[in-house]
Amino acid sequence: MPTWQKFLILPKIIRLARHAPKDRHTAWDRYWAGITATGEDSEVLWDSGSDSEFLGYKDTLLHYLDPRRSIVDAGCGHGSFTRALAGIFPRAIGVDVSEHAVARARSESRGIGNVSFDVRDLTAPGAGAALAAAGFVDDGGANVFIRGVLHVLDDDDQAALVENLKTVAGSGGTVFMAETNFQGNPLEYVSHLGATTHGIPAPLELAIRGLPMPGRFGPDERQRVFPASSWELLEDGDVAIRTNPVTGVAGQDRVPGYYAVVRPLP
Ligand SMILES: C[S@@+](CC[C@H](N)C(=O)[O-])C[C@H]1O[C@@H](n2cnc3c(N)ncnc32)[C@H](O)[C@@H]1O
């Protein structure tokens, strides 16, 4: 779409974004409370409805993360990745600040014995220690998986969350992250995700209407919040984050992203 046409979408985006609650936790919980479908025909923007993205991570997870340790899925949403992780780790624990997300994750995980969920703000001081006290962290630490969460937090919240991840990982756990790293302005981002002058796909509209504006998370941000003085970088690179294939337009369901595997230094 030519740039001038993209600008025609702007007033609608601004109108929609005005509805988003200012308090981020309220925004997330209200968003999840309104979701009625996930997986195939999902209303969730970052839900591709398939395990293809996870399968692309599997070899890296098995290579670097201790397969005898539990894994905490930080900011698990409706738990699709938590359930996939439970297939390769002895225990998977999904943690999310939204009660409605966790309720949905629990109900979608019925019958899977090695999955648990916990409602918790992972930016709160002491959240990592509290997870351990609640029995969700193995002696010596648990692995951590985090997808699509750091890029929705501001700098202070990123730092606070990473402090908690450090506690969870302890001396034996390893952290795997995958985040969107779109190099463009918000208008280019919503256009990439399928917004046109004719309309905005419903999952995108729900996100714009309800959620804080996302940022990007790539190598520079990773170096800032997982500094080399405290974290060893084991591997990183580019990745495609799969989103809702709602428009059927080729490439619209893949957002340029970044992944990294890090471990706390002793
Ligand atoms: C873009 S969604 C990604 C969900 C899931 N990781 C996935 O990839 O399907 C971001 C998630 O982070 C959660 N979240 C946001 N802030 C959080 C916080 N401070 N503590 C825990 N979870 C948080 C939101 O409720 C939401 O479910």
# chains A, B, ... in the order shown; residues from 1 in each chain; ligands from 1
>>> residues_near_ligand(ligand="ligand 1", cutoff="6 Å", atoms="only C-alpha atoms and all ligand atoms", output="PyMOL selection string")
chain A and resi 28+75-77+96-98+120-123+147-149
>>> write_last_selection(atoms="all heavy atoms", output="compact mmCIF listing (two decimals), in the first residue's frame")
# COMPACT_ATOMS: atom_id res chain seq x y z
N TRP A 28 -4.80 -5.73 30.11
CA TRP A 28 -4.60 -7.14 29.76
C TRP A 28 -5.76 -8.01 30.26
O TRP A 28 -6.26 -8.86 29.53
CB TRP A 28 -3.27 -7.67 30.33
CG TRP A 28 -2.12 -7.25 29.48
CD1 TRP A 28 -1.17 -6.32 29.78
CD2 TRP A 28 -1.82 -7.71 28.15
NE1 TRP A 28 -0.30 -6.17 28.73
CE2 TRP A 28 -0.67 -7.01 27.73
CE3 TRP A 28 -2.41 -8.63 27.29
CZ2 TRP A 28 -0.10 -7.23 26.47
CZ3 TRP A 28 -1.84 -8.84 26.03
CH2 TRP A 28 -0.71 -8.15 25.65
N GLY A 75 4.27 -14.97 31.28
CA GLY A 75 3.30 -14.24 30.46
C GLY A 75 2.66 -15.19 29.47
O GLY A 75 2.71 -14.99 28.25
N CYS A 76 2.02 -16.24 30.01
CA CYS A 76 1.61 -17.40 29.18
C CYS A 76 0.36 -17.17 28.36
O CYS A 76 0.06 -17.96 27.46
CB CYS A 76 1.40 -18.62 30.08
SG CYS A 76 0.07 -18.37 31.29
N GLY A 77 -0.42 -16.11 28.65
CA GLY A 77 -1.66 -15.91 27.91
C GLY A 77 -2.59 -17.11 28.05
O GLY A 77 -2.78 -17.62 29.16
N ASP A 96 0.76 -15.66 34.43
CA ASP A 96 0.28 -14.47 33.73
C ASP A 96 -0.36 -13.52 34.74
O ASP A 96 -0.95 -13.95 35.73
CB ASP A 96 -0.74 -14.84 32.65
CG ASP A 96 -0.85 -13.77 31.57
OD1 ASP A 96 -1.47 -12.72 31.83
OD2 ASP A 96 -0.29 -13.98 30.47
N VAL A 97 -0.27 -12.22 34.45
CA VAL A 97 -0.85 -11.21 35.33
C VAL A 97 -2.38 -11.20 35.22
O VAL A 97 -3.05 -10.71 36.13
CB VAL A 97 -0.26 -9.82 35.00
CG1 VAL A 97 -0.80 -9.28 33.68
CG2 VAL A 97 -0.50 -8.82 36.12
N SER A 98 -2.92 -11.74 34.14
CA SER A 98 -4.37 -11.67 33.91
C SER A 98 -5.08 -12.92 34.43
O SER A 98 -4.81 -14.05 33.98
CB SER A 98 -4.64 -11.54 32.40
OG SER A 98 -5.98 -11.88 32.12
N ARG A 120 0.06 -14.02 38.44
CA ARG A 120 1.10 -13.25 39.14
C ARG A 120 1.64 -12.15 38.24
O ARG A 120 1.83 -12.36 37.04
CB ARG A 120 2.25 -14.20 39.50
CG ARG A 120 3.14 -13.71 40.62
CD ARG A 120 4.14 -14.81 40.98
NE ARG A 120 3.50 -15.97 41.60
CZ ARG A 120 3.21 -16.09 42.89
NH1 ARG A 120 3.49 -15.11 43.71
NH2 ARG A 120 2.66 -17.20 43.36
N ASP A 121 1.91 -11.00 38.84
CA ASP A 121 2.59 -9.92 38.13
C ASP A 121 4.08 -10.19 38.20
O ASP A 121 4.70 -10.10 39.26
CB ASP A 121 2.25 -8.58 38.80
CG ASP A 121 3.07 -7.43 38.24
OD1 ASP A 121 3.76 -7.62 37.23
OD2 ASP A 121 3.01 -6.33 38.83
N LEU A 122 4.66 -10.53 37.06
CA LEU A 122 6.08 -10.90 37.06
C LEU A 122 7.02 -9.69 37.11
O LEU A 122 8.23 -9.86 37.13
CB LEU A 122 6.40 -11.77 35.83
CG LEU A 122 5.89 -13.20 35.96
CD1 LEU A 122 5.99 -13.95 34.63
CD2 LEU A 122 6.66 -13.97 37.04
N THR A 123 6.44 -8.49 37.18
CA THR A 123 7.29 -7.30 37.38
C THR A 123 7.31 -6.88 38.86
O THR A 123 8.02 -5.96 39.23
CB THR A 123 6.81 -6.10 36.53
OG1 THR A 123 5.52 -5.69 36.99
CG2 THR A 123 6.73 -6.45 35.06
N ARG A 147 7.64 -15.49 25.49
CA ARG A 147 7.35 -15.11 24.08
C ARG A 147 6.36 -13.94 24.06
O ARG A 147 5.29 -14.01 24.66
CB ARG A 147 6.75 -16.28 23.32
CG ARG A 147 6.28 -15.90 21.90
CD ARG A 147 5.36 -16.92 21.31
NE ARG A 147 4.98 -16.66 19.94
CZ ARG A 147 3.76 -16.30 19.54
NH1 ARG A 147 2.79 -16.11 20.42
NH2 ARG A 147 3.51 -16.12 18.27
N GLY A 148 6.77 -12.90 23.39
CA GLY A 148 5.84 -11.81 23.14
C GLY A 148 5.45 -11.02 24.38
O GLY A 148 4.36 -10.46 24.44
N VAL A 149 6.33 -10.95 25.35
CA VAL A 149 6.00 -10.25 26.60
C VAL A 149 6.92 -9.05 26.81
O VAL A 149 6.44 -7.95 27.10
CB VAL A 149 6.08 -11.21 27.81
CG1 VAL A 149 5.74 -10.48 29.10
CG2 VAL A 149 5.16 -12.41 27.61
>>> residues_around(residues="Pro219 (chain A)", least_positions_apart="4", cutoff="10 Å", atoms="only C-alpha atoms", output="ChimeraX atom specification")
/A:181,223-224,236-238,258-260
>>> select_by_dssp(residues="region 45-211 of chain A", states="alpha helix (DSSP H)", output="ChimeraX atom specification")
/A:52-64,80-86,99-108,127-133,155-169,186-192,202-210
>>> residues_around(residues="Ala129 (chain A)", least_positions_apart="4", cutoff="8 Å", atoms="only C-alpha atoms", output="ChimeraX atom specification")
/A:133,164,167-168
>>> write_last_selection(atoms="N, CA, C and O atoms", output="short mmCIF file (atom, residue, chain, number, x, y, z; two decimals), in the first residue's frame")
data_model
loop_
_atom_site.label_atom_id
_atom_site.label_comp_id
_atom_site.auth_asym_id
_atom_site.auth_seq_id
_atom_site.Cartn_x
_atom_site.Cartn_y
_atom_site.Cartn_z
N ALA A 133 8.57 -20.14 46.36
CA ALA A 133 7.91 -20.49 47.63
C ALA A 133 6.62 -21.25 47.39
O ALA A 133 6.21 -22.07 48.21
N ASN A 164 13.27 -10.96 38.27
CA ASN A 164 12.53 -12.14 38.74
C ASN A 164 12.91 -13.40 37.96
O ASN A 164 13.01 -14.49 38.53
N THR A 167 15.99 -14.92 39.40
CA THR A 167 15.73 -15.72 40.61
C THR A 167 15.17 -17.09 40.22
O THR A 167 15.57 -18.11 40.78
N VAL A 168 14.24 -17.10 39.27
CA VAL A 168 13.62 -18.38 38.86
C VAL A 168 14.69 -19.30 38.24
O VAL A 168 14.75 -20.50 38.55
#
>>> atom_distance(atom1="CA of Asp157 (chain A)", atom2="CA of Ala195 (chain A)")
29.2 Å
>>> residues_around(residues="Val72 (chain A)", least_positions_apart="5", cutoff="7 Å", atoms="only C-alpha atoms", output="short mmCIF file (atom, residue, chain, number, x, y, z; two decimals) with N, CA, C and O atoms, in the first residue's frame")
data_model
loop_
_atom_site.label_atom_id
_atom_site.label_comp_id
_atom_site.auth_asym_id
_atom_site.auth_seq_id
_atom_site.Cartn_x
_atom_site.Cartn_y
_atom_site.Cartn_z
N ALA A 92 5.43 -27.95 33.20
CA ALA A 92 5.37 -26.59 32.63
C ALA A 92 4.41 -25.76 33.47
O ALA A 92 3.29 -26.20 33.76
N ILE A 93 4.86 -24.57 33.86
CA ILE A 93 4.05 -23.68 34.70
C ILE A 93 3.83 -22.37 33.94
O ILE A 93 4.78 -21.64 33.66
N GLY A 94 2.59 -22.09 33.61
CA GLY A 94 2.26 -20.84 32.93
C GLY A 94 1.93 -19.78 33.96
O GLY A 94 1.14 -20.02 34.87
N ALA A 142 14.60 -23.21 37.71
CA ALA A 142 13.78 -23.75 36.61
C ALA A 142 14.17 -23.04 35.32
O ALA A 142 14.72 -21.94 35.33
N ASN A 143 13.87 -23.70 34.19
CA ASN A 143 14.02 -23.03 32.90
C ASN A 143 12.91 -21.99 32.73
O ASN A 143 11.87 -22.07 33.40
N VAL A 144 13.14 -21.06 31.81
CA VAL A 144 12.12 -20.03 31.53
C VAL A 144 11.94 -19.92 30.02
O VAL A 144 12.91 -19.91 29.26
N PHE A 145 10.67 -19.83 29.60
CA PHE A 145 10.31 -19.54 28.21
C PHE A 145 9.51 -18.24 28.25
O PHE A 145 8.62 -18.08 29.10
#
>>> residues_around(residues="His100 (chain A)", least_positions_apart="3", cutoff="7 Å", atoms="only C-alpha atoms", output="count of residues only")
5
>>> residues_around(residues="Ala159 (chain A)", least_positions_apart="3", cutoff="10 Å", atoms="only C-alpha atoms", output="MDAnalysis selection string")
chainID A and resid 123 150 153:156 162:165 224:226
>>> atom_distance(atom1="CA of Gly184 (chain A)", atom2="CA of His151 (chain A)")
14.0 Å
>>> select_by_dssp(residues="region 39-214 of chain A", states="strand (DSSP E or B)", output="ChimeraX atom specification")
/A:71-74,92-96,115-119,143-147,175-180,196,199
>>> closest_residue(among="A:Ser48, A:Ser116, A:Thr197, A:Ser70", to="Val255 (chain A)", atoms="only C-alpha atoms")
A:Ser48
>>> decode(residues="region 38-62 of chain A", atoms="N, CA, C and O atoms", output="CSV table (one decimal), in the first residue's frame")
chain,number,residue,atom,x,y,z
A,38,THR,N,-9.9,-19.2,20.7
A,38,THR,CA,-8.5,-19.3,20.4
A,38,THR,C,-8.2,-20.4,19.5
A,38,THR,O,-9.2,-21.2,19.1
A,39,GLY,N,-7.0,-20.6,19.1
A,39,GLY,CA,-6.7,-21.8,18.2
A,39,GLY,C,-7.2,-21.4,16.8
A,39,GLY,O,-7.0,-20.3,16.3
A,40,GLU,N,-7.8,-22.4,16.1
A,40,GLU,CA,-8.4,-22.2,14.8
A,40,GLU,C,-9.5,-21.1,15.0
A,40,GLU,O,-10.2,-21.2,16.0
A,41,ASP,N,-9.6,-20.2,14.1
A,41,ASP,CA,-10.6,-19.1,14.2
A,41,ASP,C,-10.3,-18.2,15.5
A,41,ASP,O,-11.3,-17.7,16.1
A,42,SER,N,-9.1,-18.1,15.9
A,42,SER,CA,-8.8,-17.4,17.1
A,42,SER,C,-9.1,-15.9,16.9
A,42,SER,O,-8.9,-15.3,15.8
A,43,GLU,N,-9.5,-15.3,18.0
A,43,GLU,CA,-9.6,-13.8,18.1
A,43,GLU,C,-8.3,-13.1,18.6
A,43,GLU,O,-8.3,-11.9,18.6
A,44,VAL,N,-7.3,-14.0,18.9
A,44,VAL,CA,-6.1,-13.4,19.5
A,44,VAL,C,-5.1,-13.2,18.4
A,44,VAL,O,-4.7,-14.1,17.6
A,45,LEU,N,-4.6,-11.9,18.4
A,45,LEU,CA,-3.7,-11.5,17.3
A,45,LEU,C,-2.4,-12.4,17.2
A,45,LEU,O,-2.0,-12.7,16.1
A,46,TRP,N,-1.8,-12.7,18.3
A,46,TRP,CA,-0.5,-13.5,18.3
A,46,TRP,C,-0.7,-15.0,18.3
A,46,TRP,O,0.2,-15.7,18.6
A,47,ASP,N,-1.9,-15.4,18.1
A,47,ASP,CA,-2.2,-16.9,18.1
A,47,ASP,C,-2.4,-17.4,16.7
A,47,ASP,O,-3.3,-17.0,16.0
A,48,SER,N,-1.4,-18.1,16.2
A,48,SER,CA,-1.4,-18.6,14.8
A,48,SER,C,-2.3,-19.8,14.7
A,48,SER,O,-2.6,-20.2,13.5
A,49,GLY,N,-2.7,-20.4,15.8
A,49,GLY,CA,-3.6,-21.6,15.8
A,49,GLY,C,-2.8,-22.8,15.4
A,49,GLY,O,-3.5,-23.9,15.1
A,50,SER,N,-1.5,-22.8,15.3
A,50,SER,CA,-0.7,-24.0,14.9
A,50,SER,C,0.5,-24.0,15.7
A,50,SER,O,0.9,-23.0,16.4
A,51,ASP,N,1.2,-25.2,15.7
A,51,ASP,CA,2.4,-25.3,16.6
A,51,ASP,C,3.7,-25.1,15.8
A,51,ASP,O,4.8,-25.4,16.2
A,52,SER,N,3.5,-24.5,14.6
A,52,SER,CA,4.7,-24.4,13.7
A,52,SER,C,5.8,-23.6,14.3
A,52,SER,O,7.0,-23.9,14.2
A,53,GLU,N,5.5,-22.5,14.9
A,53,GLU,CA,6.5,-21.6,15.5
A,53,GLU,C,7.2,-22.4,16.6
A,53,GLU,O,8.4,-22.4,16.7
A,54,PHE,N,6.4,-23.0,17.5
A,54,PHE,CA,7.0,-23.8,18.6
A,54,PHE,C,8.0,-24.9,18.0
A,54,PHE,O,9.1,-25.1,18.6
A,55,LEU,N,7.6,-25.6,17.0
A,55,LEU,CA,8.4,-26.7,16.4
A,55,LEU,C,9.7,-26.1,16.0
A,55,LEU,O,10.8,-26.8,16.1
A,56,GLY,N,9.7,-24.9,15.5
A,56,GLY,CA,11.0,-24.2,15.1
A,56,GLY,C,11.9,-23.9,16.3
A,56,GLY,O,13.1,-23.8,16.1
A,57,TYR,N,11.4,-23.9,17.5
A,57,TYR,CA,12.2,-23.6,18.7
A,57,TYR,C,12.7,-24.9,19.3
A,57,TYR,O,13.6,-24.8,20.2
A,58,LYS,N,12.0,-26.0,19.0
A,58,LYS,CA,12.2,-27.2,19.8
A,58,LYS,C,13.7,-27.7,19.9
A,58,LYS,O,14.1,-27.9,21.0
A,59,ASP,N,14.4,-27.7,18.8
A,59,ASP,CA,15.8,-28.2,18.8
A,59,ASP,C,16.6,-27.3,19.7
A,59,ASP,O,17.5,-27.7,20.5
A,60,THR,N,16.4,-26.0,19.6
A,60,THR,CA,17.2,-25.0,20.4
A,60,THR,C,16.9,-25.2,21.9
A,60,THR,O,17.8,-25.2,22.8
A,61,LEU,N,15.6,-25.4,22.2
A,61,LEU,CA,15.2,-25.6,23.6
A,61,LEU,C,15.9,-26.9,24.2
A,61,LEU,O,16.5,-26.9,25.2
A,62,LEU,N,15.8,-27.9,23.4
A,62,LEU,CA,16.4,-29.2,23.8
A,62,LEU,C,17.9,-29.2,23.9
A,62,LEU,O,18.5,-29.9,24.7
